file work-v2.cif (mmCIF, C-alpha atoms)
data_coords
loop_
_atom_site.label_atom_id
_atom_site.label_comp_id
_atom_site.auth_asym_id
_atom_site.auth_seq_id
_atom_site.Cartn_x
_atom_site.Cartn_y
_atom_site.Cartn_z
CA MET I 17 0.00 0.00 0.00
CA LYS I 18 2.83 2.40 0.88
CA ARG I 19 4.45 1.68 -2.47
CA ILE I 20 1.18 2.41 -4.30
CA LEU I 21 0.67 5.67 -2.42
CA LYS I 22 4.26 6.64 -3.15
CA TRP I 23 3.78 6.09 -6.88
CA ILE I 24 0.47 7.99 -6.86
CA PHE I 25 2.21 10.90 -5.14
CA ARG I 26 5.02 10.85 -7.71
CA ILE I 27 2.57 10.80 -10.63
CA VAL I 28 0.56 13.66 -9.19
CA LEU I 29 3.75 15.63 -8.57
CA VAL I 30 4.95 15.07 -12.15
CA LEU I 31 1.57 16.10 -13.55
CA PHE I 32 1.60 19.22 -11.40
CA ILE I 33 5.09 20.15 -12.59
CA LEU I 34 4.14 19.54 -16.23
CA ALA I 35 1.00 21.67 -15.86
CA PHE I 36 3.02 24.45 -14.25
CA LEU I 37 5.60 24.35 -17.04
CA PHE I 38 2.87 24.38 -19.68
CA VAL I 39 1.23 27.46 -18.14
CA PHE I 40 4.62 29.13 -17.67
CA VAL I 41 5.63 28.60 -21.30
CA ALA I 42 2.18 29.56 -22.59
CA TYR I 43 2.26 32.73 -20.50
CA TRP I 44 5.59 33.95 -21.85
CA ARG I 45 4.75 32.97 -25.42
CA SER I 46 1.50 34.93 -25.25
CA THR I 47 1.81 37.81 -27.71
CA ASN I 48 -0.13 39.84 -30.26
CA ASN I 49 0.19 41.62 -33.60
CA CYS I 50 0.75 45.16 -32.32
CA ASP I 51 4.02 45.68 -34.19
CA GLN I 52 2.55 44.61 -37.53
CA LEU I 53 -0.70 46.48 -36.88
CA THR I 54 0.92 49.90 -36.67
CA ALA I 55 3.57 49.22 -39.31
CA THR I 56 1.11 48.41 -42.12
CA GLN I 57 1.54 50.37 -45.37
CA GLY I 58 -1.21 51.82 -47.58
CA ASP I 59 -4.39 53.66 -46.62
CA LYS I 60 -4.56 54.37 -42.91
CA MET I 61 -7.21 55.21 -40.33
CA LYS I 62 -7.25 56.23 -36.69
CA ALA I 63 -8.13 53.48 -34.23
CA ILE I 64 -7.74 52.62 -30.57
CA VAL I 65 -5.29 49.77 -29.92
CA TYR I 66 -3.81 48.24 -26.77
CA CYS I 67 -0.72 46.08 -26.76
CA ASP I 68 -0.77 45.26 -23.04
CA TYR I 69 -3.48 44.97 -20.41
CA GLY I 70 -4.39 48.09 -18.46
CA LEU I 71 -6.13 51.38 -19.12
CA ALA I 72 -2.82 53.22 -19.36
CA ASN I 73 -1.89 51.14 -22.42
CA LEU I 74 -4.70 52.40 -24.66
CA LYS I 75 -3.44 54.51 -27.55
CA LEU I 76 -4.81 56.17 -30.65
CA ALA I 77 -2.80 54.84 -33.58
CA ASP I 78 -2.69 54.89 -37.37
CA ILE I 79 -3.47 51.42 -38.70
CA ALA I 80 -4.53 49.97 -42.02
CA LYS I 81 -7.94 51.02 -43.27
CA PRO I 82 -10.03 47.88 -43.84
CA THR I 83 -11.20 46.74 -47.26
CA PRO I 84 -14.59 44.99 -47.43
CA THR I 85 -14.76 41.42 -48.69
CA ASP I 86 -17.49 40.31 -51.09
CA ASP I 87 -19.94 39.85 -48.18
CA GLN I 88 -19.00 42.93 -46.16
CA ILE I 89 -19.76 46.65 -46.14
CA LEU I 90 -17.32 49.45 -45.37
CA VAL I 91 -18.82 51.81 -42.79
CA LYS I 92 -17.44 55.22 -41.89
CA VAL I 93 -18.01 55.33 -38.13
CA HIS I 94 -19.64 58.48 -36.74
CA ALA I 95 -20.17 57.21 -33.20
CA ALA I 96 -19.44 54.20 -31.01
CA SER I 97 -20.35 53.37 -27.42
CA VAL I 98 -18.59 51.97 -24.38
CA ASN I 99 -19.70 48.82 -22.57
CA PRO I 100 -18.51 46.96 -19.47
CA LEU I 101 -17.37 44.33 -21.97
CA ASP I 102 -14.68 46.77 -23.10
CA TRP I 103 -13.08 47.31 -19.72
CA HIS I 104 -13.19 43.56 -19.03
CA PHE I 105 -10.97 43.13 -22.09
CA ILE I 106 -8.81 46.17 -21.30
CA GLU I 107 -8.04 44.94 -17.78
CA GLY I 108 -8.10 41.25 -18.68
CA THR I 109 -10.48 40.54 -15.82
CA PRO I 110 -11.84 38.30 -14.53
CA LYS I 111 -8.51 36.60 -15.12
CA ILE I 112 -10.17 33.35 -16.06
CA MET I 113 -10.86 35.14 -19.38
CA ARG I 114 -7.15 35.10 -20.17
CA ALA I 115 -7.00 31.33 -19.91
CA MET I 116 -10.10 31.05 -22.11
CA GLY I 117 -8.32 32.54 -25.13
CA VAL I 118 -8.22 36.29 -24.51
CA GLY I 119 -4.45 36.15 -23.93
CA LEU I 120 -2.49 35.05 -20.86
CA ARG I 121 0.22 37.73 -20.75
CA LYS I 122 -0.92 40.17 -23.43
CA PRO I 123 -4.29 40.68 -25.14
CA LYS I 124 -4.57 38.42 -28.17
CA ASP I 125 -6.83 40.88 -30.01
CA THR I 126 -5.44 44.41 -29.87
CA ARG I 127 -8.59 46.16 -31.12
CA LEU I 128 -11.47 47.36 -28.95
CA GLY I 129 -15.11 48.37 -29.22
CA VAL I 130 -18.21 46.64 -30.56
CA ASP I 131 -21.09 49.13 -30.92
CA PHE I 132 -21.07 51.52 -33.89
CA ALA I 133 -23.23 53.74 -36.07
CA GLY I 134 -22.18 55.35 -39.33
CA THR I 135 -22.56 55.69 -43.08
CA VAL I 136 -21.92 52.99 -45.68
CA GLU I 137 -19.12 54.00 -48.07
CA THR I 138 -18.80 50.89 -50.23
CA VAL I 139 -20.29 47.39 -50.37
CA GLY I 140 -18.95 44.01 -51.41
CA LYS I 141 -20.10 42.55 -54.72
CA ASN I 142 -22.42 40.02 -53.04
CA VAL I 143 -24.17 42.61 -50.85
CA THR I 144 -27.73 43.57 -51.84
CA GLN I 145 -29.16 44.74 -48.48
CA PHE I 146 -27.18 47.99 -48.36
CA LYS I 147 -25.82 50.66 -50.67
CA ALA I 148 -23.38 53.54 -50.39
CA GLY I 149 -24.88 56.37 -48.36
CA ASP I 150 -27.07 54.19 -46.11
CA GLU I 151 -27.02 55.14 -42.44
CA VAL I 152 -26.56 51.99 -40.34
CA PHE I 153 -25.86 50.80 -36.81
CA GLY I 154 -24.85 47.53 -35.24
CA GLY I 155 -21.94 45.58 -33.81
CA ARG I 156 -18.45 44.76 -35.04
CA ASP I 157 -15.18 44.10 -33.25
CA GLY I 158 -12.79 47.03 -33.47
CA ALA I 159 -15.52 49.69 -33.47
CA PHE I 160 -13.34 52.30 -31.76
CA ALA I 161 -12.01 53.39 -35.15
CA GLU I 162 -12.80 55.54 -38.15
CA TYR I 163 -13.96 52.55 -40.22
CA VAL I 164 -15.35 49.04 -39.68
CA CYS I 165 -16.24 46.22 -42.09
CA PRO I 166 -19.18 44.17 -40.76
CA ARG I 167 -20.71 41.33 -42.73
CA ALA I 168 -23.93 42.51 -44.32
CA ASP I 169 -25.89 39.50 -43.00
CA ARG I 170 -24.72 39.87 -39.40
CA ALA I 171 -25.41 42.42 -36.66
CA VAL I 172 -25.95 45.54 -38.76
CA THR I 173 -29.17 47.21 -39.91
CA LEU I 174 -30.53 50.53 -41.14
CA LYS I 175 -30.64 53.39 -38.65
CA PRO I 176 -34.08 54.89 -37.98
CA ALA I 177 -34.27 58.44 -39.32
CA ASN I 178 -35.62 59.81 -36.05
CA ILE I 179 -32.56 59.00 -33.94
CA THR I 180 -29.02 60.38 -34.05
CA PHE I 181 -25.84 58.46 -34.77
CA GLU I 182 -24.91 58.82 -31.10
CA GLN I 183 -28.20 57.27 -30.00
CA ALA I 184 -27.95 54.48 -32.57
CA ALA I 185 -24.39 53.67 -31.50
CA SER I 186 -25.59 53.03 -27.95
CA VAL I 187 -28.02 50.27 -28.89
CA ASN I 188 -26.19 47.11 -29.95
CA ILE I 189 -24.99 45.33 -26.81
CA ALA I 190 -27.10 47.10 -24.18
CA GLY I 191 -30.32 47.09 -26.20
CA ILE I 192 -30.04 43.48 -27.36
CA THR I 193 -29.09 42.34 -23.85
CA ALA I 194 -32.17 44.08 -22.42
CA LEU I 195 -34.46 42.70 -25.13
CA GLN I 196 -33.26 39.12 -24.73
CA ALA I 197 -33.37 39.37 -20.93
CA VAL I 198 -36.99 40.55 -20.98
CA ARG I 199 -38.29 38.43 -23.84
CA ASP I 200 -36.19 35.24 -23.80
CA LYS I 201 -34.85 34.75 -20.28
CA GLY I 202 -37.50 36.52 -18.23
CA LYS I 203 -40.32 35.59 -20.63
CA VAL I 204 -42.15 38.67 -19.40
CA GLN I 205 -45.93 38.65 -19.89
CA PRO I 206 -48.47 41.51 -19.64
CA GLY I 207 -49.36 42.32 -16.06
CA GLN I 208 -46.34 40.60 -14.51
CA LYS I 209 -44.35 42.43 -11.87
CA VAL I 210 -40.77 42.98 -13.02
CA LEU I 211 -37.98 44.39 -10.87
CA ILE I 212 -34.93 45.84 -12.63
CA ASN I 213 -31.96 46.27 -10.31
CA GLY I 214 -29.64 48.86 -11.86
CA ALA I 215 -32.41 50.54 -13.83
CA SER I 216 -30.42 53.68 -14.65
CA GLY I 217 -27.48 51.98 -16.37
CA GLY I 218 -26.90 51.13 -20.01
CA VAL I 219 -28.86 47.85 -20.04
CA GLY I 220 -31.25 49.02 -17.32
CA THR I 221 -32.57 52.05 -19.22
CA PHE I 222 -33.39 49.84 -22.20
CA ALA I 223 -34.85 47.09 -20.00
CA VAL I 224 -37.28 49.48 -18.27
CA GLN I 225 -38.67 50.66 -21.60
CA ILE I 226 -38.80 47.22 -23.20
CA ALA I 227 -40.45 45.57 -20.19
CA LYS I 228 -43.02 48.37 -20.14
CA SER I 229 -43.71 47.87 -23.86
CA PHE I 230 -44.41 44.20 -23.02
CA GLY I 231 -47.15 45.33 -20.64
CA ALA I 232 -45.29 44.62 -17.40
CA ASP I 233 -45.64 46.45 -14.10
CA VAL I 234 -42.08 47.72 -13.80
CA THR I 235 -40.13 48.61 -10.66
CA GLY I 236 -36.74 50.24 -11.17
CA VAL I 237 -33.99 50.32 -8.54
CA CYS I 238 -31.56 53.23 -8.77
CA SER I 239 -29.95 56.06 -6.80
CA THR I 240 -31.66 59.27 -5.70
CA ARG I 241 -30.40 61.39 -8.59
CA ASN I 242 -31.80 58.93 -11.15
CA LEU I 243 -35.33 58.50 -9.79
CA ASP I 244 -36.98 61.02 -12.10
CA MET I 245 -35.10 59.74 -15.12
CA VAL I 246 -36.18 56.14 -14.50
CA ARG I 247 -39.79 57.28 -14.00
CA SER I 248 -39.63 59.17 -17.30
CA LEU I 249 -38.68 55.90 -19.04
CA GLY I 250 -41.99 54.38 -17.95
CA ALA I 251 -41.23 52.67 -14.63
CA ASP I 252 -44.41 52.30 -12.57
CA HIS I 253 -42.46 52.32 -9.32
CA VAL I 254 -38.93 53.36 -8.36
CA ILE I 255 -36.87 52.36 -5.34
CA ASP I 256 -34.05 54.57 -4.09
CA TYR I 257 -31.48 52.02 -2.99
CA THR I 258 -29.77 54.60 -0.75
CA LYS I 259 -32.93 54.72 1.37
CA GLU I 260 -34.69 51.40 0.84
CA ASP I 261 -33.61 47.80 0.31
CA PHE I 262 -35.87 46.05 -2.20
CA ALA I 263 -34.83 42.67 -0.77
CA LYS I 264 -36.39 43.57 2.58
CA GLY I 265 -39.70 44.82 1.20
CA ASP I 266 -43.08 43.12 1.13
CA GLN I 267 -43.53 43.22 -2.66
CA ARG I 268 -43.02 39.99 -4.61
CA TYR I 269 -41.93 39.90 -8.25
CA ASP I 270 -42.44 37.54 -11.17
CA VAL I 271 -39.12 38.47 -12.76
CA ILE I 272 -35.95 40.06 -11.39
CA LEU I 273 -33.45 41.39 -13.92
CA ASP I 274 -30.25 41.91 -11.96
CA ASN I 275 -27.74 44.27 -13.59
CA VAL I 276 -26.02 44.96 -10.25
CA PRO I 277 -25.66 41.72 -8.27
CA ASN I 278 -25.28 43.46 -4.90
CA HIS I 279 -27.67 41.12 -3.10
CA SER I 280 -27.20 37.45 -2.36
CA LEU I 281 -29.25 34.91 -4.28
CA SER I 282 -31.14 34.02 -1.12
CA GLU I 283 -32.11 37.68 -0.64
CA CYS I 284 -33.36 37.87 -4.23
CA ARG I 285 -35.26 34.60 -3.86
CA ARG I 286 -37.05 36.01 -0.85
CA VAL I 287 -38.82 38.64 -2.99
CA LEU I 288 -39.32 36.37 -5.99
CA ASN I 289 -42.62 34.55 -6.50
CA PRO I 290 -42.50 30.74 -6.21
CA GLN I 291 -42.51 30.32 -10.00
CA GLY I 292 -40.54 33.52 -10.62
CA LYS I 293 -37.41 33.99 -12.70
CA TYR I 294 -34.13 35.55 -11.59
CA VAL I 295 -31.83 36.68 -14.43
CA MET I 296 -28.29 37.82 -13.69
CA ILE I 297 -27.12 40.01 -16.55
CA GLY I 298 -23.61 40.52 -17.88
CA GLY I 299 -20.09 39.82 -16.77
CA GLY I 300 -19.99 41.54 -13.39
CA GLY I 301 -18.46 44.78 -12.21
CA PRO I 302 -14.94 46.07 -11.50
CA ASN I 303 -15.23 45.15 -7.81
CA ASP I 304 -16.10 41.52 -8.44
CA ASN I 305 -13.63 38.71 -7.82
CA ARG I 306 -10.67 39.44 -10.14
CA TRP I 307 -10.10 35.75 -10.85
CA ILE I 308 -13.54 34.32 -11.62
CA GLY I 309 -15.77 37.42 -11.65
CA PRO I 310 -19.49 36.54 -11.69
CA PHE I 311 -18.92 32.85 -12.39
CA GLY I 312 -18.95 31.99 -8.69
CA ARG I 313 -22.45 33.42 -8.44
CA LEU I 314 -23.44 31.57 -11.61
CA ILE I 315 -22.22 28.27 -10.16
CA GLN I 316 -24.19 28.98 -7.00
CA ALA I 317 -27.34 29.60 -9.08
CA LEU I 318 -26.82 26.37 -11.02
CA VAL I 319 -26.41 24.41 -7.79
CA ILE I 320 -29.54 25.92 -6.25
CA SER I 321 -31.82 25.70 -9.32
CA PRO I 322 -32.64 21.95 -9.23
CA PHE I 323 -33.89 22.25 -5.66
CA VAL I 324 -36.17 25.28 -5.97
CA SER I 325 -39.24 26.11 -8.03
CA GLN I 326 -37.81 29.46 -9.08
CA LYS I 327 -35.67 29.63 -12.20
CA MET I 328 -32.26 31.19 -11.67
CA GLY I 329 -29.49 31.83 -14.17
CA MET I 330 -27.19 34.20 -16.00
CA MET I 331 -27.31 35.53 -19.55
CA MET I 332 -24.97 37.04 -22.09
CA ALA I 333 -26.44 38.61 -25.22
CA GLN I 334 -26.35 36.92 -28.61
CA LEU I 335 -25.96 39.72 -31.14
CA THR I 336 -28.36 39.19 -34.03
CA LYS I 337 -29.54 41.17 -37.01
CA SER I 338 -33.18 40.35 -36.29
CA ASP I 339 -33.05 41.76 -32.76
CA LEU I 340 -31.29 44.88 -33.99
CA SER I 341 -34.12 45.36 -36.47
CA ILE I 342 -36.70 44.89 -33.70
CA LEU I 343 -34.96 47.56 -31.63
CA GLY I 344 -34.82 49.80 -34.68
CA ASP I 345 -38.59 49.47 -35.11
CA MET I 346 -39.14 50.18 -31.40
CA MET I 347 -37.07 53.35 -31.65
CA GLN I 348 -38.83 54.36 -34.86
CA SER I 349 -42.22 54.02 -33.15
CA GLY I 350 -41.07 55.83 -30.00
CA LYS I 351 -41.39 52.84 -27.66
CA VAL I 352 -37.69 52.97 -26.90
CA LYS I 353 -35.35 55.95 -26.73
CA PRO I 354 -31.65 55.53 -25.90
CA VAL I 355 -30.39 57.44 -22.88
CA ILE I 356 -26.96 59.05 -23.26
CA ASP I 357 -25.03 60.23 -20.25
CA ARG I 358 -21.82 61.64 -21.70
CA THR I 359 -19.97 61.81 -24.99
CA TYR I 360 -16.21 61.71 -25.50
CA LYS I 361 -13.94 62.02 -28.52
CA LEU I 362 -12.14 58.94 -29.81
CA SER I 363 -8.87 60.28 -28.38
CA GLU I 364 -10.58 60.55 -24.97
CA LEU I 365 -11.54 56.86 -24.77
CA PRO I 366 -9.40 56.19 -21.64
CA ALA I 367 -11.37 58.87 -19.76
CA ALA I 368 -14.65 57.36 -21.01
CA ILE I 369 -13.65 53.89 -19.82
CA ALA I 370 -12.53 55.27 -16.44
CA TYR I 371 -15.88 57.02 -16.02
CA LEU I 372 -17.80 53.85 -16.88
CA GLU I 373 -15.72 51.86 -14.38
CA GLU I 374 -16.91 54.15 -11.59
CA GLY I 375 -20.33 52.52 -12.00
CA HIS I 376 -22.45 55.67 -11.96
CA ALA I 377 -23.17 56.25 -15.66
CA ARG I 378 -26.79 57.17 -16.46
CA GLY I 379 -27.57 55.25 -19.60
CA LYS I 380 -24.80 55.00 -22.16
CA VAL I 381 -21.38 56.56 -22.63
CA VAL I 382 -20.80 57.40 -26.29
CA ILE I 383 -17.66 58.04 -28.36
CA THR I 384 -17.85 60.45 -31.30
CA VAL I 385 -15.62 59.61 -34.25
CA GLU I 386 -15.14 62.52 -36.61
#

call {"tool": "encode", "arguments": {"input": "work-v2.cif", "output": "structure tokens"}}
result
Amino acid sequence: MKRILKWIFRIVLVLFILAFLFVFVAYWRSTNNCDQLTATQGDKMKAIVYCDYGLANLKLADIAKPTPTDDQILVKVHAASVNPLDWHFIEGTPKIMRAMGVGLRKPKDTRLGVDFAGTVETVGKNVTQFKAGDEVFGGRDGAFAEYVCPRADRAVTLKPANITFEQAASVNIAGITALQAVRDKGKVQPGQKVLINGASGGVGTFAVQIAKSFGADVTGVCSTRNLDMVRSLGADHVIDYTKEDFAKGDQRYDVILDNVPNHSLSECRRVLNPQGKYVMIGGGGPNDNRWIGPFGRLIQALVISPFVSQKMGMMMAQLTKSDLSILGDMMQSGKVKPVIDRTYKLSELPAAIAYLEEGHARGKVVITVE
């Protein structure tokens, strides 16, 4: 028995050493294309790049202007918007992201931004949905730049004439996340009571309006300075979290959309109806665990779910052309109006990210690209 235990110990030790060496080598071999990106010849454009993790490493650089393939369109970007997704990539947190392909030592992808709105300049030969001069909005990696080349059949659609480029640029991630949270995860029905924790943020401002358009009785949770704004979006009730804790109240809800997971799951379950749905939205905040972020809470929800009648889970948006078009129609009809807190120039992106990280933005933070 001693001999067996000794061999097991040796095998485990060897496996541990091999795993450590693998991670060590992978870490130091982690690199990116920053040198080639800025050294490219030909037509150039301004874009935000980052060669290393950290806000201080963002820089505005001249890189190659993209050329659309047969299935793409070339869009001159007029505005883009900032999302928590961006600072997760900038900081490389939660650090589990790095091991999942983002880049162990340095960011693998050196471009940033997803949401954009702009004007089509040229289209690929296979593109029939768009033409030069069309005003569009949607999502494409590398949106913090003067030009992007999205595929025509992906997350891009025509901009409603009654909204600005800045408003349109704020829609993609936040609007689609809110729509899918209300419609797909929360399955909100007319007359249901819906609580939106973090109702004044990017996703929250969309969620209040969308849930209301679905006929829900909406309660928004926000700070004192945002009460009137959240009411103006259609919330039937507002809770000032600086004065009242929704988790200690007597009201019960059919759906809780949690943009700010500052209450335990047991506290949220207490105010959720027996057949209610709890939906944790997004990838967590800057003060979450730097190693696993919101995944610890997700694991907890998955463990609890089989033993309770309430449905509990987390969602990340799936960016689709059809949902962008739905949001476009809702904005065209006036059911939804984007809320913009502040605008920054492309060169001021670090300041925009820093402001968003503070966690007090009212609606969206937008970048103008001119």

call {"tool": "closest_residue", "arguments": {"input": "work-v2.cif", "among": "I:Glu260, I:Asp274, I:Asp233, I:Asp131", "to": "Gly191 (chain I)", "atoms": "only C-alpha atoms"}}
result
I:Asp131

call {"tool": "residues_near_point", "arguments": {"input": "work-v2.cif", "point": "(-34.3, 53.8, -16.5)", "cutoff": "12 Å", "atoms": "only C-alpha atoms", "output": "JSON, numbers by chain"}}
result
{"I": [194, 211, 212, 213, 214, 215, 216, 217, 218, 219, 220, 221, 222, 223, 224, 225, 226, 227, 228, 234, 235, 236, 237, 238, 239, 241, 242, 243, 244, 245, 246, 247, 248, 249, 250, 251, 252, 253, 254, 255, 275, 352, 353, 354, 355, 356, 357, 377, 378, 379, 380]}

call {"tool": "resolve_selection", "arguments": {"input": "work-v2.cif", "expression": "the PyMOL selection byres ((chain I and resi 176) around 9)", "output": "PyMOL selection string"}}
result
chain I and resi 151-152+174-175+177-180+184+344-345+347-348

call {"tool": "write_last_selection", "arguments": {"input": "work-v2.cif", "atoms": "C-alpha atoms", "output": "PDB file, in the coordinates of the input"}}
result
ATOM      1  CA  GLU I 151     -27.020  55.140 -42.440  1.00  0.00           C
ATOM      2  CA  VAL I 152     -26.560  51.990 -40.340  1.00  0.00           C
ATOM      3  CA  LEU I 174     -30.530  50.530 -41.140  1.00  0.00           C
ATOM      4  CA  LYS I 175     -30.640  53.390 -38.650  1.00  0.00           C
ATOM      5  CA  ALA I 177     -34.270  58.440 -39.320  1.00  0.00           C
ATOM      6  CA  ASN I 178     -35.620  59.810 -36.050  1.00  0.00           C
ATOM      7  CA  ILE I 179     -32.560  59.000 -33.940  1.00  0.00           C
ATOM      8  CA  THR I 180     -29.020  60.380 -34.050  1.00  0.00           C
ATOM      9  CA  ALA I 184     -27.950  54.480 -32.570  1.00  0.00           C
ATOM     10  CA  GLY I 344     -34.820  49.800 -34.680  1.00  0.00           C
ATOM     11  CA  ASP I 345     -38.590  49.470 -35.110  1.00  0.00           C
ATOM     12  CA  MET I 347     -37.070  53.350 -31.650  1.00  0.00           C
ATOM     13  CA  GLN I 348     -38.830  54.360 -34.860  1.00  0.00           C
TER      14      GLN I 348
END

call {"tool": "residues_near_point", "arguments": {"input": "work-v2.cif", "point": "(-38.5, 25.8, -8.2)", "cutoff": "10 Å", "atoms": "all atoms listed in the file", "output": "list in words"}}
result
Asn289, Pro290, Gln291, Gly292, Lys293, Ile320, Ser321, Pro322, Phe323, Val324, Ser325, Gln326, Lys327 and Met328 of chain I

call {"tool": "write_last_selection", "arguments": {"input": "work-v2.cif", "atoms": "C-alpha atoms", "output": "PDB file, in the frame of the given file"}}
result
ATOM      1  CA  ASN I 289     -42.620  34.550  -6.500  1.00  0.00           C
ATOM      2  CA  PRO I 290     -42.500  30.740  -6.210  1.00  0.00           C
ATOM      3  CA  GLN I 291     -42.510  30.320 -10.000  1.00  0.00           C
ATOM      4  CA  GLY I 292     -40.540  33.520 -10.620  1.00  0.00           C
ATOM      5  CA  LYS I 293     -37.410  33.990 -12.700  1.00  0.00           C
ATOM      6  CA  ILE I 320     -29.540  25.920  -6.250  1.00  0.00           C
ATOM      7  CA  SER I 321     -31.820  25.700  -9.320  1.00  0.00           C
ATOM      8  CA  PRO I 322     -32.640  21.950  -9.230  1.00  0.00           C
ATOM      9  CA  PHE I 323     -33.890  22.250  -5.660  1.00  0.00           C
ATOM     10  CA  VAL I 324     -36.170  25.280  -5.970  1.00  0.00           C
ATOM     11  CA  SER I 325     -39.240  26.110  -8.030  1.00  0.00           C
ATOM     12  CA  GLN I 326     -37.810  29.460  -9.080  1.00  0.00           C
ATOM     13  CA  LYS I 327     -35.670  29.630 -12.200  1.00  0.00           C
ATOM     14  CA  MET I 328     -32.260  31.190 -11.670  1.00  0.00           C
TER      15      MET I 328
END

call {"tool": "residues_around", "arguments": {"input": "work-v2.cif", "residues": "Ala171 (chain I)", "least_positions_apart": "5", "cutoff": "8 Å", "atoms": "only C-alpha atoms", "output": "list in words"}}
result
Gly154, Gly155, Arg156, Pro166, Leu335, Thr336, Lys337 and Leu340 of chain I

call {"tool": "residues_around", "arguments": {"input": "work-v2.cif", "residues": "Asp102 (chain I)", "least_positions_apart": "4", "cutoff": "9 Å", "atoms": "all atoms listed in the file", "output": "list of chain:residue names"}}
result
I:Val98, I:Ile106, I:Glu107, I:Leu128, I:Gly129, I:Val130, I:Ile369

call {"tool": "atom_distance", "arguments": {"input": "work-v2.cif", "atom1": "CA of Gln88 (chain I)", "atom2": "CA of Thr173 (chain I)"}}
result
12.7 Å

call {"tool": "atom_distance", "arguments": {"input": "work-v2.cif", "atom1": "CA of Leu195 (chain I)", "atom2": "CA of Glu364 (chain I)"}}
result
29.8 Å

call {"tool": "closest_residue", "arguments": {"input": "work-v2.cif", "among": "I:Leu343, I:Thr384, I:Ala368, I:Ile315", "to": "Leu281 (chain I)", "atoms": "only C-alpha atoms"}}
result
I:Ile315

call {"tool": "closest_residue", "arguments": {"input": "work-v2.cif", "among": "I:Val381, I:Cys67, I:Cys165, I:Ala148", "to": "Ala96 (chain I)", "atoms": "all atoms listed in the file"}}
result
I:Val381

call {"tool": "residues_around", "arguments": {"input": "work-v2.cif", "residues": "Tyr163 (chain I)", "least_positions_apart": "6", "cutoff": "7 Å", "atoms": "all atoms listed in the file", "output": "ChimeraX atom specification"}}
result
/I:81,90-93

call {"tool": "resolve_selection", "arguments": {"input": "work-v2.cif", "expression": "the PyMOL selection byres ((chain I and resi 231) around 8)", "output": "list of chain:residue names"}}
result
I:Gln205, I:Pro206, I:Gly207, I:Gln208, I:Ala227, I:Lys228, I:Ser229, I:Phe230, I:Ala232, I:Asp233

call {"tool": "atom_distance", "arguments": {"input": "work-v2.cif", "atom1": "CA of Met332 (chain I)", "atom2": "CA of Leu365 (chain I)"}}
result
24.1 Å

call {"tool": "resolve_selection", "arguments": {"input": "work-v2.cif", "expression": "the PyMOL selection byres ((chain I and resi 76) around 9)", "output": "MDAnalysis selection string"}}
result
chainID I and resid 62:66 74:75 77:78 161 362:363 365

call {"tool": "axis_aligned_box", "arguments": {"input": "work-v2.cif", "around": "region 260-272 of chain I", "padding_each_side": "8 Å", "output": "lines of an AutoDock Vina configuration file"}}
result
center_x = -38.6
center_y = 44.5
center_z = -5.1
size_x = 25.9
size_y = 29.9
size_z = 31.3

call {"tool": "closest_residue", "arguments": {"input": "work-v2.cif", "among": "I:Ala367, I:Met113, I:Val319, I:Ile89", "to": "Gln145 (chain I)", "atoms": "all atoms listed in the file"}}
result
I:Ile89

call {"tool": "closest_residue", "arguments": {"input": "work-v2.cif", "among": "I:Leu372, I:Val295, I:Val382, I:Val118", "to": "Arg199 (chain I)", "atoms": "only C-alpha atoms"}}
result
I:Val295
